[in-house]
Structure formats: C-alpha cells, structure tokens
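In what follows, a single structure is set out as structure tokens and then discussed.
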Amino acid sequence: MGNAIATDKWSIKAVVLHIAHWDNHLLNVIIPAVKNGEGMIFPEFDSFNARATQKAKRLSGENVLQLAKTSRSSLIEVLRSLRQETLTSHTTANGVTHCPHQGVPYTLTYIVTECIGHDRHHQQQVDAILGRTS
C-alpha cells in the first residue's frame with residue numbers, strides 16, 4: 001500500500017485513510033448536527049486532509065484497512081437507520097443554504113451523494129496505480 005498517486009503524491013494507504021477520515025467526520029459531526037436540526041460544519045479541507053495523510057504514514061496498511069472498514073460499516077449502518085425526513089431536510093453547510101455549483105439546497109442525501117462521487121474519484125486513482133481500469 002505504499003505506491004504514490006502522481007497527481008496528489010498520496011499513497012494508497014493515505015487515500016484509504018483520507019476516505020475513512022471523512023466517514024468519521026460524517027458520523028461524528030455532520031449526521032448528529034443534521035439530526036439535531038443544526039447546520040453541517042465542514043473543516044478547512046487542506047488541513048483536515050493533511051491530518052489523515054500524516055496519520056497514514058504512522059499506521060500499517062492493515063491498521064488503515066481495519067479503520068476504513070469499521071468507519072464505513074458504521075456509516076452505512078447509521079445512514080440506513082435515519083428517517084427519510086432527516087436525510088432530505090434542508091440544512092446548511094458552513095452557513096450556506098445551497099450548493100454554489102449545483103444551486104440545490106443542502107441535504108444530508110446531497111452531501112452523501114457528493115461523498116460517493118469523491119470516493120469514486122479516489123477509487124479511479126487507486127485503480128490507476130494498480131494498473132486496473134474501473
């Protein structure tokens with residue numbers, strides 16, 4: 001898990017932990033806020049991502065994989081347990097009501113859909129390193 005992604009200079013291990021880091025932010029910050037009728041708070045991306053890549057350097061590939069499996073399983077379980085109203089209620093992201101790119105209101109469903117696209121982007125990077133097509 002040590003190959004580096006040319007564009008980002010991230011190892012596969014760093015990419016996997018980066019995704020797990022965001023899963024945990026959704027679990028521990030975003031979902032509880034939305035359930036409480038509060039707005040979603042997202043950290044400054046670069047420093048948040050840097051913490052994950054630094055942590056990945058200190059952990060074994062096996063540890064990173066276990067962390068990623070645990071966080072993703074927990075996220076899926078929590079998302080499946082949510083009421084439809086929680087998933088689709090309008091909320092804010094750092095005080096903003098609508099996505100500036102799409103013009104649609106922020107909802108938990110919208111954010112999770114964006115995260116899936118983000119994950120697919122990283123999967124393509126990993127596949128490229130491994131010489132696979134996705």
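Naming scheme: A, B, ... for chains in displayed order of the structure tokens; residues 1 onward per chain; ligands 1 onward as shown.
Residues in contact range of region 108-110 of chain A, defined as at most 9 Å between only C-alpha atoms, with sequence neighbours fewer than 4 positions away removed, read Ile30, Ile31, Val34, Met40, Thr86, Leu87, Thr88, Ser89, His90, Thr91, Val104, Glu114 and Cys115 of chain A.
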Give me a file of those residues, with C-alpha atoms, as a PDB file, in the first residue's frame.
ATOM      1  CA  ILE A  30     -22.371  16.026  10.257  1.00  0.00           C
ATOM      2  CA  ILE A  31     -25.072  13.425  10.987  1.00  0.00           C
ATOM      3  CA  VAL A  34     -28.460  17.331  10.996  1.00  0.00           C
ATOM      4  CA  MET A  40     -23.440  20.963   8.895  1.00  0.00           C
ATOM      5  CA  THR A  86     -33.562  13.553   8.335  1.00  0.00           C
ATOM      6  CA  LEU A  87     -31.983  12.579   5.028  1.00  0.00           C
ATOM      7  CA  THR A  88     -33.954  15.086   2.950  1.00  0.00           C
ATOM      8  CA  SER A  89     -34.474  18.063   5.285  1.00  0.00           C
ATOM      9  CA  HIS A  90     -32.869  21.281   4.098  1.00  0.00           C
ATOM     10  CA  THR A  91     -29.818  22.288   6.096  1.00  0.00           C
ATOM     11  CA  VAL A 104     -29.666  22.928  -4.995  1.00  0.00           C
ATOM     12  CA  GLU A 114     -21.208  14.097  -3.189  1.00  0.00           C
ATOM     13  CA  CYS A 115     -19.098  11.852  -0.931  1.00  0.00           C
TER      14      CYS A 115
END
Residue neighbourhood Lys13 (chain A), 9 Å, only C-alpha atoms, exclusion window fewer than 2 positions, as a VMD selection string = chain A and resid 1 to 3 10 to 11 15 to 18 53 56 to 57 59 to 61 64 to 65
Would you mind exporting C-alpha atoms of the selected residues as a PDB file, in the first residue's frame?
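The resulting again-v5.pdb:
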ATOM      1  CA  MET A   1       0.000   0.000   0.000  1.00  0.00           C
ATOM      2  CA  GLY A   2       2.925   2.342  -0.462  1.00  0.00           C
ATOM      3  CA  ASN A   3       2.565   3.405  -4.123  1.00  0.00           C
ATOM      4  CA  TRP A  10      -0.608  10.268  -1.726  1.00  0.00           C
ATOM      5  CA  SER A  11      -0.019   6.588  -1.093  1.00  0.00           C
ATOM      6  CA  VAL A  15      -6.154   7.654   0.190  1.00  0.00           C
ATOM      7  CA  VAL A  16      -7.921   4.920   2.161  1.00  0.00           C
ATOM      8  CA  LEU A  17      -7.381   6.717   5.484  1.00  0.00           C
ATOM      9  CA  HIS A  18      -8.467  10.013   3.897  1.00  0.00           C
ATOM     10  CA  THR A  53      -2.175  11.687   5.266  1.00  0.00           C
ATOM     11  CA  ALA A  56      -1.427   7.181   7.397  1.00  0.00           C
ATOM     12  CA  LYS A  57       2.380   7.431   7.481  1.00  0.00           C
ATOM     13  CA  LEU A  59      -0.003   3.293  10.625  1.00  0.00           C
ATOM     14  CA  SER A  60       0.394  -0.067   8.959  1.00  0.00           C
ATOM     15  CA  GLY A  61      -1.645  -0.880   5.866  1.00  0.00           C
ATOM     16  CA  VAL A  64      -5.616   1.599   7.910  1.00  0.00           C
ATOM     17  CA  LEU A  65      -7.723  -1.057   6.227  1.00  0.00           C
TER      18      LEU A  65
END
Step one, run DSSP on the backbone; step two, keep only residues of region 17-100 of chain A assigned to alpha helix (DSSP H); then write them as a ChimeraX atom specification.
-> /A:17-25,31-35,45-58,61-81,84-88
Would you please work out which residue, of A:Thr133, A:Thr92, A:Asn24, A:Thr97, is nearest to Val78 (chain A) when using only C-alpha atoms?
-> A:Asn24
List every residue of region 45-125 of chain A that DSSP, applied to the backbone, labels as strand (DSSP E or B), and write the result as a PDB file with C-alpha atoms, in the first residue's frame.
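Heads up, here's the output in result.pdb:
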ATOM      1  CA  THR A  91     -29.818  22.288   6.096  1.00  0.00           C
ATOM      2  CA  ALA A  93     -23.087  23.745   5.073  1.00  0.00           C
ATOM      3  CA  VAL A  96     -24.624  28.307   3.226  1.00  0.00           C
ATOM      4  CA  HIS A  98     -27.457  25.958  -1.371  1.00  0.00           C
ATOM      5  CA  PRO A 105     -30.463  23.089  -1.271  1.00  0.00           C
ATOM      6  CA  TYR A 106     -28.100  21.220   1.015  1.00  0.00           C
TER       7      TYR A 106
END
Would you mind listing what lies within 12 Å of Arg51 (chain A) as an MDAnalysis selection string, with only C-alpha atoms counted and same-chain residues fewer than 3 positions away left out?
-> chainID A and resid 14:15 17:18 20:22 43:48 54:58
Which residue, A:His122, A:Val112, A:Lys9, A:Gly103, has the smallest gap to Ala50 (chain A) when you use only C-alpha atoms?
-> A:Lys9
